[in-house]
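A.B. asks: Here it is, the structure in full.
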Amino acid sequence: MRRHRDDLALGVVLLVLGAFAALSGCPKPPAQPPPGAPAVMAPTPGNAAPSEGDEVDVDFTLTSTAFAHQTRIPEKYTGDGEDISPPLSWTAPPEGTKELVLICDDPDAPVGTWNHWVLYGLSPEATSLPEGIPTQGTVDEPALMQGLNTWPKVGYGGPAPPRGRPHRYQFTLYAVGKELGLEPEATKDKVLAAMKDSVLAKTTLEGVYSR
């Protein structure tokens, strides 16, 4: 009998403690989505434009026949090959675009972001660039201007990373809502300052390369 009473008393104590925990707001386990429901992924940051304006929602996409997004850049377009710019093409920019600007950066360089290409003054009517744009300040066909990269040299300088892990090379095309009016051989910083608050849309093609 004594053992029965002890068990009964213990049960009462456990019931009281359970009720107290419920009233004190103990956290409940997170609700699980119903079977078959799509998983909700946390948003991931993209490549932020260095000078964004009133960007519009438009299908503005940059591609290359030489490499797909986030795949290896062929040696031909690097410092280990012919070191010429790759072919690029893109969909129509948004209405109101006055000038296209292209910047290629390596964010993985040991000394910080290394700029490989600054191109501007490109007509919004243009839809592509052939490979091998001449490395000069002013190009007639297609009509465009080029600035100084980090070396500093005019025009395109291909990937030439130190040996080790792959580096990312981000080709970003900007649709700008005004004519920048820049002279040839401008620096990247000068181009970014000129298009500040005037970027209507941007699109990035990323290639990788390693030695």
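Scheme for the structure tokens: letters A, B, ... for chains in order shown; per-chain residue numbers from 1; ligand numbers from 1 in order shown.
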Residues near Pro161 (chain A), anyone? I mean within 8 Å using only C-alpha atoms, not counting same-chain ones fewer than 6 positions away, as a list in words.

C.D. replies: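 Contacts, in chain order: Ala109, His167, Tyr209, Ser210 and Arg211 of chain A.
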
A.B. asks: Among region 79-204 of chain A, which ones does DSSP assign to strand (DSSP E or B) (computed from the backbone)? Answer as an NGL selection string.

C.D. replies: :A and (88-90 or 99-106 or 114-122 or 128-129 or 138-139 or 144-146 or 148 or 154 or 167-176 or 199-204)

A.B. asks: Quick one: residues within 10 Å of Glu125 (chain A), only C-alpha atoms counted, chain neighbours fewer than 4 positions away excluded, as JSON, numbers by chain?

C.D. replies: {"A": [92, 93, 97, 98, 99, 100]}

A.B. asks: Any chance you could export the current selection's N, CA and C atoms as a CSV table (one decimal), in the first residue's frame?

C.D. replies:
chain,number,residue,atom,x,y,z
A,92,ALA,N,17.8,42.3,-74.5
A,92,ALA,CA,17.5,43.7,-74.6
A,92,ALA,C,17.5,44.4,-73.2
A,93,PRO,N,18.2,45.5,-73.0
A,93,PRO,CA,18.1,46.2,-71.8
A,93,PRO,C,16.8,46.9,-71.6
A,97,THR,N,17.3,53.0,-71.4
A,97,THR,CA,18.7,52.8,-71.3
A,97,THR,C,19.4,53.7,-72.4
A,98,LYS,N,20.4,54.4,-71.9
A,98,LYS,CA,21.2,55.4,-72.8
A,98,LYS,C,22.6,54.9,-73.1
A,99,GLU,N,23.1,54.0,-72.2
A,99,GLU,CA,24.5,53.5,-72.4
A,99,GLU,C,24.7,52.2,-71.7
A,100,LEU,N,25.5,51.3,-72.2
A,100,LEU,CA,25.8,50.1,-71.6
A,100,LEU,C,27.3,50.2,-71.1

A.B. asks: Just checking: using only C-alpha atoms, which residue out of A:Ile84, A:Leu192, A:Val176, A:Ala68 ends up closest to Val118 (chain A)?

C.D. replies: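 Of all the options, A:Leu192 lies closest to Val118 (chain A).
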
A.B. asks: Using only C-alpha atoms, which residue out of A:Gly79, A:Pro87, A:Gly121, A:Gly157 lies closest to Val139 (chain A)?

C.D. replies: A:Gly121

A.B. asks: Which residues are near Ala175 (chain A)? Cut-off 12 Å, only C-alpha atoms, ignore same chain within fewer than 5 positions. Put them as a VMD selection string.

C.D. replies: chain A and resid 49 51 to 56 58 to 62 90 to 103 120 to 127 180 195 to 204

A.B. asks: Write out the residues from the selection above, keeping C-alpha atoms, as a compact mmCIF listing (two decimals), in the first residue's frame.

C.D. replies:
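Generated output (result27.txt):
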# COMPACT_ATOMS: atom_id res chain seq x y z
CA ALA A 49 25.72 46.87 -57.96
CA SER A 51 26.01 52.24 -58.05
CA GLU A 52 22.37 51.27 -58.19
CA GLY A 53 19.60 53.59 -59.31
CA ASP A 54 15.91 52.90 -59.81
CA GLU A 55 16.32 49.38 -61.14
CA VAL A 56 13.39 47.92 -63.03
CA VAL A 58 13.40 43.13 -66.64
CA ASP A 59 14.78 39.93 -68.10
CA PHE A 60 18.28 41.24 -68.74
CA THR A 61 20.72 38.34 -69.18
CA LEU A 62 24.40 38.16 -70.12
CA TRP A 90 22.81 39.78 -73.89
CA THR A 91 19.09 40.31 -74.03
CA ALA A 92 17.51 43.73 -74.56
CA PRO A 93 18.11 46.24 -71.76
CA PRO A 94 15.16 48.07 -70.20
CA GLU A 95 13.46 50.99 -71.90
CA GLY A 96 15.23 54.24 -71.16
CA THR A 97 18.75 52.81 -71.32
CA LYS A 98 21.17 55.36 -72.80
CA GLU A 99 24.48 53.53 -72.42
CA LEU A 100 25.84 50.09 -71.58
CA VAL A 101 28.81 49.58 -69.26
CA LEU A 102 30.73 46.32 -68.78
CA ILE A 103 33.09 45.65 -65.86
CA TYR A 120 31.67 51.91 -71.53
CA GLY A 121 30.06 54.17 -74.13
CA LEU A 122 28.39 51.14 -75.72
CA SER A 123 25.11 51.79 -77.52
CA PRO A 124 21.94 50.34 -75.92
CA GLU A 125 21.14 48.98 -79.38
CA ALA A 126 24.14 46.63 -79.19
CA THR A 127 23.35 43.03 -78.26
CA LEU A 180 28.14 59.18 -69.12
CA MET A 195 26.81 56.15 -63.37
CA LYS A 196 25.87 56.53 -59.69
CA ASP A 197 22.09 56.42 -59.15
CA SER A 198 21.53 55.83 -62.88
CA VAL A 199 21.68 52.01 -63.16
CA LEU A 200 18.40 50.69 -64.56
CA ALA A 201 19.39 47.02 -64.61
CA LYS A 202 22.44 44.78 -64.30
CA THR A 203 23.32 41.19 -65.17
CA THR A 204 26.38 39.12 -64.25
